[in-house]
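Shown next, in structure tokens, is the structure this report addresses.
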Amino acid sequence: MINSAAARPLIGIFGGTFDPIHQGHLACGRYVLEHCRLDQLQLMPCHIPPHRASPGVNARQRAKMVELAIADEPKMQLQPLELNRDNPSFTADSLALLKQRMPATTLAFIIGMDSLCYFKQWHHWRQILNLCHLIVCQRPGYHHQAGDAPALLAEFGAAISVLQQRDCGSIIELNNPEFTPSATAIRAALAEKKKNISDLAPQVLNYIQQHRLYQS
Ligand code: ATP
């Protein structure tokens with residue numbers, strides 16, 4: 001679908017476990033907001049069944065940490081759609097719902113290069129590209145020549161300017177600097193009772209310490 005008006009609002013949706021949200025997510029979000037000229041970025045934590053959740057960390061707490069982390073980011077918002085459901089939802093279904101709610105808005109779903117490398121395993125991945133664009137942030141350790149990335153970029157790759165021209169269907173590979181944080185490494189550091197974890201926003205670290213989260 002061709003955008004009839006370049007003035008259509010452009011909203012980024014950043015899905016993830018956010019277990020916990022870290023400076024890598026925030027740096028990606030800020031970079032995308034600035035370089036892709038988004039009107040808004042919505043962070044959408046996914047549902048995790050209670051029996052699989054991290055030690056002592058539930059969906060409400062992951063969402064609270066997202067809210068704390070973005071408190072001073074005027075263009076970022078929590079999107080609670082998946083948290084309020086009883087079951088895990090597929091990204092394609094969530095994006096279809098968001099598109100229904102915002103039919104006159106161009107949506108862009110944000111992922112890291114690690115996610116693009118196996119994107120063809122995502123449920124209804126072609127449907128995702130019928131609903132939105134994909135914006136891919138570089139991530140240390142993952143290359144655009146690995147896994148599904150080369151074929152996807154050859155078929156759907158486009159320049160950032162496509163966001164103002166088309167409503168969906170393109171993959172934009174960003175040239176962002178590398179942001180090293182990873183939630184897995186942070187959870188390991190917290191389980192080892194490390195106190196100063198610079199990869200977390202201070203207000204998120206405070207919340208984790210107050211509620212004694214991630215202590216295996
Ligand atoms: P985990 O280590 O538990 O897999 P994570 O750090 O990858 O967690 P997620 O919440 O799973 O965090 O990530 C959500 C999205 O953010 C994914 O698409 C992931 O690729 C991307 N992402 C996370 N950290 C970075 C980073 N440092 N640089 C670029 N993209 C990132």
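Every chain in the structure tokens has a letter given in the order shown (A, B, ...), and although residue numbers restart at 1 in each chain, ligands are simply numbered from 1 in the order shown.
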
Exercise for review: Give as a list in words the residues surrounding ligand 1 up to a distance of 7 Å, considering only C-alpha atoms and all ligand atoms.
Suggested key: Phe14, Gly15, Gly16, Thr17, Phe18, Asp19, Ile21, Gly24, His25, Cys28, Ile110, Ile111, Gly112, Met113, Asp114, Ser115, Cys137, Gln138, Arg139, Pro140, Glu178, Phe179, Thr180, Pro181, Ser182, Ala183, Thr184 and Ala185 of chain A

Point to revise | Shell around Pro150 (chain A) at 12 Å using only C-alpha atoms, local window under 3 positions removed, as number ranges by chain | key: A: 113, 116-120, 143-147, 153-157, 171, 173

Written file, previous selection with N, CA and C atoms, as an mmCIF file, in the first residue's frame:
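Writing done, so here's again_15.cif:
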data_model
loop_
_atom_site.group_PDB
_atom_site.id
_atom_site.type_symbol
_atom_site.label_atom_id
_atom_site.label_comp_id
_atom_site.auth_asym_id
_atom_site.auth_seq_id
_atom_site.Cartn_x
_atom_site.Cartn_y
_atom_site.Cartn_z
ATOM 1 N N MET A 113 19.273 -7.362 15.373
ATOM 2 C CA MET A 113 19.737 -8.240 14.293
ATOM 3 C C MET A 113 19.632 -9.724 14.678
ATOM 4 N N LEU A 116 16.293 -10.780 13.538
ATOM 5 C CA LEU A 116 16.130 -10.893 12.084
ATOM 6 C C LEU A 116 16.719 -12.214 11.571
ATOM 7 N N CYS A 117 17.784 -12.669 12.229
ATOM 8 C CA CYS A 117 18.477 -13.881 11.756
ATOM 9 C C CYS A 117 17.567 -15.112 11.787
ATOM 10 N N TYR A 118 16.521 -15.097 12.636
ATOM 11 C CA TYR A 118 15.592 -16.238 12.619
ATOM 12 C C TYR A 118 14.133 -15.796 12.403
ATOM 13 N N PHE A 119 13.979 -14.672 11.760
ATOM 14 C CA PHE A 119 12.639 -14.080 11.612
ATOM 15 C C PHE A 119 11.672 -14.993 10.850
ATOM 16 N N LYS A 120 12.216 -15.821 9.932
ATOM 17 C CA LYS A 120 11.304 -16.679 9.151
ATOM 18 C C LYS A 120 10.686 -17.783 10.010
ATOM 19 N N HIS A 143 25.256 -10.830 12.602
ATOM 20 C CA HIS A 143 25.668 -10.244 11.333
ATOM 21 C C HIS A 143 24.542 -10.354 10.324
ATOM 22 N N HIS A 144 24.482 -9.369 9.424
ATOM 23 C CA HIS A 144 23.384 -9.402 8.440
ATOM 24 C C HIS A 144 23.595 -10.454 7.348
ATOM 25 N N GLN A 145 24.710 -11.207 7.499
ATOM 26 C CA GLN A 145 24.867 -12.306 6.538
ATOM 27 C C GLN A 145 24.533 -13.653 7.168
ATOM 28 N N ALA A 146 23.971 -13.628 8.363
ATOM 29 C CA ALA A 146 23.685 -14.898 9.060
ATOM 30 C C ALA A 146 22.191 -15.242 8.972
ATOM 31 N N GLY A 147 21.913 -16.524 9.017
ATOM 32 C CA GLY A 147 20.540 -17.014 9.107
ATOM 33 C C GLY A 147 19.642 -16.482 8.000
ATOM 34 N N LEU A 153 16.722 -9.336 3.603
ATOM 35 C CA LEU A 153 17.156 -7.994 3.203
ATOM 36 C C LEU A 153 17.162 -7.861 1.680
ATOM 37 N N ALA A 154 17.495 -8.959 0.990
ATOM 38 C CA ALA A 154 17.491 -8.905 -0.485
ATOM 39 C C ALA A 154 16.057 -8.689 -0.989
ATOM 40 N N GLU A 155 15.085 -9.324 -0.334
ATOM 41 C CA GLU A 155 13.710 -9.220 -0.835
ATOM 42 C C GLU A 155 12.993 -7.943 -0.349
ATOM 43 N N PHE A 156 13.244 -7.573 0.906
ATOM 44 C CA PHE A 156 12.424 -6.495 1.500
ATOM 45 C C PHE A 156 13.240 -5.260 1.920
ATOM 46 N N GLY A 157 14.567 -5.321 1.789
ATOM 47 C CA GLY A 157 15.422 -4.236 2.288
ATOM 48 C C GLY A 157 15.099 -2.905 1.604
ATOM 49 N N ILE A 171 11.991 -3.735 5.089
ATOM 50 C CA ILE A 171 12.896 -3.969 6.220
ATOM 51 C C ILE A 171 14.019 -2.938 6.129
ATOM 52 N N GLU A 173 17.461 -1.702 7.645
ATOM 53 C CA GLU A 173 18.600 -2.072 8.502
ATOM 54 C C GLU A 173 19.293 -0.791 8.931
#

Practice item. Quick one: pick out all alpha helix (DSSP H) residues within region 93-178 of chain A from a backbone DSSP run and write them as a list in words. Key: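 Alpha helix (DSSP H) assignments inside region 93-178 of chain A correspond to Asp93, Ser94, Leu95, Ala96, Leu97, Leu98, Lys99, Gln100, Arg101, Met113, Asp114, Ser115, Leu116, Trp125, Arg126, Gln127, Ile128, Leu129, Asn130, Leu131, Ala149, Pro150, Ala151, Leu152, Leu153, Ala154, Glu155 and Phe156 of chain A.
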
Go ahead and save the residues from that selection, with N, CA, C and O atoms, as a compact mmCIF listing (two decimals), in the first residue's frame.
# COMPACT_ATOMS: atom_id res chain seq x y z
N ASP A 93 -0.47 -11.29 15.59
CA ASP A 93 -1.82 -11.01 16.10
C ASP A 93 -1.87 -9.66 16.82
O ASP A 93 -2.82 -8.89 16.67
N SER A 94 -0.84 -9.39 17.61
CA SER A 94 -0.81 -8.10 18.34
C SER A 94 -0.76 -6.93 17.36
O SER A 94 -1.44 -5.93 17.53
N LEU A 95 0.08 -7.09 16.32
CA LEU A 95 0.19 -5.99 15.34
C LEU A 95 -1.12 -5.81 14.58
O LEU A 95 -1.51 -4.67 14.27
N ALA A 96 -1.83 -6.92 14.32
CA ALA A 96 -3.12 -6.81 13.63
C ALA A 96 -4.10 -6.01 14.50
O ALA A 96 -4.82 -5.13 14.00
N LEU A 97 -4.08 -6.27 15.80
CA LEU A 97 -4.96 -5.52 16.71
C LEU A 97 -4.60 -4.04 16.76
O LEU A 97 -5.46 -3.16 16.73
N LEU A 98 -3.29 -3.78 16.83
CA LEU A 98 -2.85 -2.38 16.89
C LEU A 98 -3.21 -1.65 15.60
O LEU A 98 -3.61 -0.49 15.61
N LYS A 99 -3.07 -2.36 14.49
CA LYS A 99 -3.39 -1.74 13.19
C LYS A 99 -4.90 -1.43 13.11
O LYS A 99 -5.30 -0.40 12.58
N GLN A 100 -5.70 -2.35 13.68
CA GLN A 100 -7.15 -2.09 13.73
C GLN A 100 -7.45 -0.82 14.53
O GLN A 100 -8.30 -0.03 14.17
N ARG A 101 -6.72 -0.68 15.65
CA ARG A 101 -6.96 0.49 16.51
C ARG A 101 -6.43 1.77 15.88
O ARG A 101 -6.90 2.85 16.19
N MET A 113 19.27 -7.36 15.37
CA MET A 113 19.74 -8.24 14.29
C MET A 113 19.63 -9.72 14.68
O MET A 113 19.39 -10.58 13.83
N ASP A 114 19.77 -10.04 15.98
CA ASP A 114 19.61 -11.44 16.42
C ASP A 114 18.23 -11.97 16.03
O ASP A 114 18.08 -13.11 15.59
N SER A 115 17.22 -11.11 16.17
CA SER A 115 15.85 -11.54 15.85
C SER A 115 15.66 -11.67 14.33
O SER A 115 14.95 -12.56 13.87
N LEU A 116 16.29 -10.78 13.54
CA LEU A 116 16.13 -10.89 12.08
C LEU A 116 16.72 -12.21 11.57
O LEU A 116 16.20 -12.80 10.63
N TRP A 125 5.16 -14.71 9.61
CA TRP A 125 6.08 -13.58 9.45
C TRP A 125 5.73 -12.70 8.25
O TRP A 125 5.91 -11.50 8.28
N ARG A 126 5.19 -13.31 7.20
CA ARG A 126 4.82 -12.48 6.03
C ARG A 126 3.66 -11.53 6.38
O ARG A 126 3.60 -10.40 5.91
N GLN A 127 2.77 -12.03 7.24
CA GLN A 127 1.64 -11.22 7.69
C GLN A 127 2.15 -9.98 8.45
O GLN A 127 1.61 -8.87 8.31
N ILE A 128 3.22 -10.18 9.23
CA ILE A 128 3.80 -9.04 9.96
C ILE A 128 4.20 -7.94 8.97
O ILE A 128 3.92 -6.76 9.17
N LEU A 129 4.82 -8.37 7.85
CA LEU A 129 5.25 -7.38 6.87
C LEU A 129 4.09 -6.77 6.08
O LEU A 129 4.25 -5.75 5.42
N ASN A 130 2.92 -7.41 6.14
CA ASN A 130 1.73 -6.81 5.53
C ASN A 130 1.12 -5.75 6.43
O ASN A 130 0.25 -4.99 6.01
N LEU A 131 1.52 -5.76 7.70
CA LEU A 131 0.92 -4.83 8.67
C LEU A 131 1.83 -3.65 8.98
O LEU A 131 1.36 -2.59 9.40
N ALA A 149 18.71 -13.44 7.55
CA ALA A 149 18.87 -12.01 7.26
C ALA A 149 19.18 -11.71 5.78
O ALA A 149 18.52 -10.84 5.20
N PRO A 150 20.16 -12.39 5.14
CA PRO A 150 20.48 -11.97 3.76
C PRO A 150 19.30 -12.10 2.80
O PRO A 150 19.04 -11.18 2.02
N ALA A 151 18.55 -13.19 2.88
CA ALA A 151 17.42 -13.37 1.96
C ALA A 151 16.34 -12.33 2.24
O ALA A 151 15.76 -11.76 1.30
N LEU A 152 16.08 -12.07 3.52
CA LEU A 152 15.05 -11.08 3.86
C LEU A 152 15.44 -9.69 3.39
O LEU A 152 14.62 -8.95 2.84
N LEU A 153 16.72 -9.34 3.60
CA LEU A 153 17.16 -7.99 3.20
C LEU A 153 17.16 -7.86 1.68
O LEU A 153 16.85 -6.80 1.15
N ALA A 154 17.50 -8.96 0.99
CA ALA A 154 17.49 -8.90 -0.49
C ALA A 154 16.06 -8.69 -0.99
O ALA A 154 15.83 -7.95 -1.94
N GLU A 155 15.09 -9.32 -0.33
CA GLU A 155 13.71 -9.22 -0.83
C GLU A 155 12.99 -7.94 -0.35
O GLU A 155 12.24 -7.33 -1.10
N PHE A 156 13.24 -7.57 0.91
CA PHE A 156 12.42 -6.49 1.50
C PHE A 156 13.24 -5.26 1.92
O PHE A 156 12.67 -4.29 2.40

Exercise for review: Would you mind listing what lies within 12 Å of Pro74 (chain A) as a PyMOL selection string, with only C-alpha atoms counted and same-chain residues fewer than 5 positions away left out?
Suggested key: chain A and resi 29-30+33+39-42+67+69

Review point. Which one of A:Asp72, A:Leu174, A:Met44, A:Val32 sits closest to Gln203 (chain A) if you count only C-alpha atoms?
Key: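 The answer is A:Asp72, which sits nearest to Gln203 (chain A).
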
Review point. Nearest to Ile160 (chain A): which of A:Cys36, A:Leu43, A:Leu205, A:Cys132 is it, counting only C-alpha atoms?
Key: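 Residue with the minimum atom-to-atom distance to Ile160 (chain A): A:Cys36.
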
Exercise for review: Using DSSP on the backbone coordinates, identify the residues of region 109-216 of chain A assigned to strand (DSSP E or B); present them as a list of chain:residue names.
Suggested key: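 Those residues are A:Phe109, A:Ile110, A:Ile111, A:Gly112, A:His133, A:Leu134, A:Ile135, A:Val136, A:Cys137, A:Gly157, A:Arg166, A:Ile171, A:Ile172, A:Glu173.
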
Practice item. Would you please work out which residue, of A:Leu81, A:Val57, A:Ala92, A:Val66, is nearest to Arg212 (chain A) when using only C-alpha atoms? Key: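 Checking each of A:Leu81, A:Val57, A:Ala92, A:Val66 against Arg212 (chain A), counting only C-alpha atoms, the winner is A:Val57.
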
Exercise for review: Would you list the contacts of region 7-11 of chain A as a VMD selection string, taking every protein, DNA or RNA residue within 8 Å and counting only C-alpha atoms, but skipping same-chain residues closer than 3 positions in sequence?
Suggested key: chain A and resid 3 37 to 42 104 to 108 163 to 164

Practice item. Determine the nearest neighbour of Asp199 (chain A) from the options A:Gln121, A:Gln23, A:Asn176, A:Ser216, counting only C-alpha atoms. Key: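 Selected residue with least distance to Asp199 (chain A): A:Gln23.
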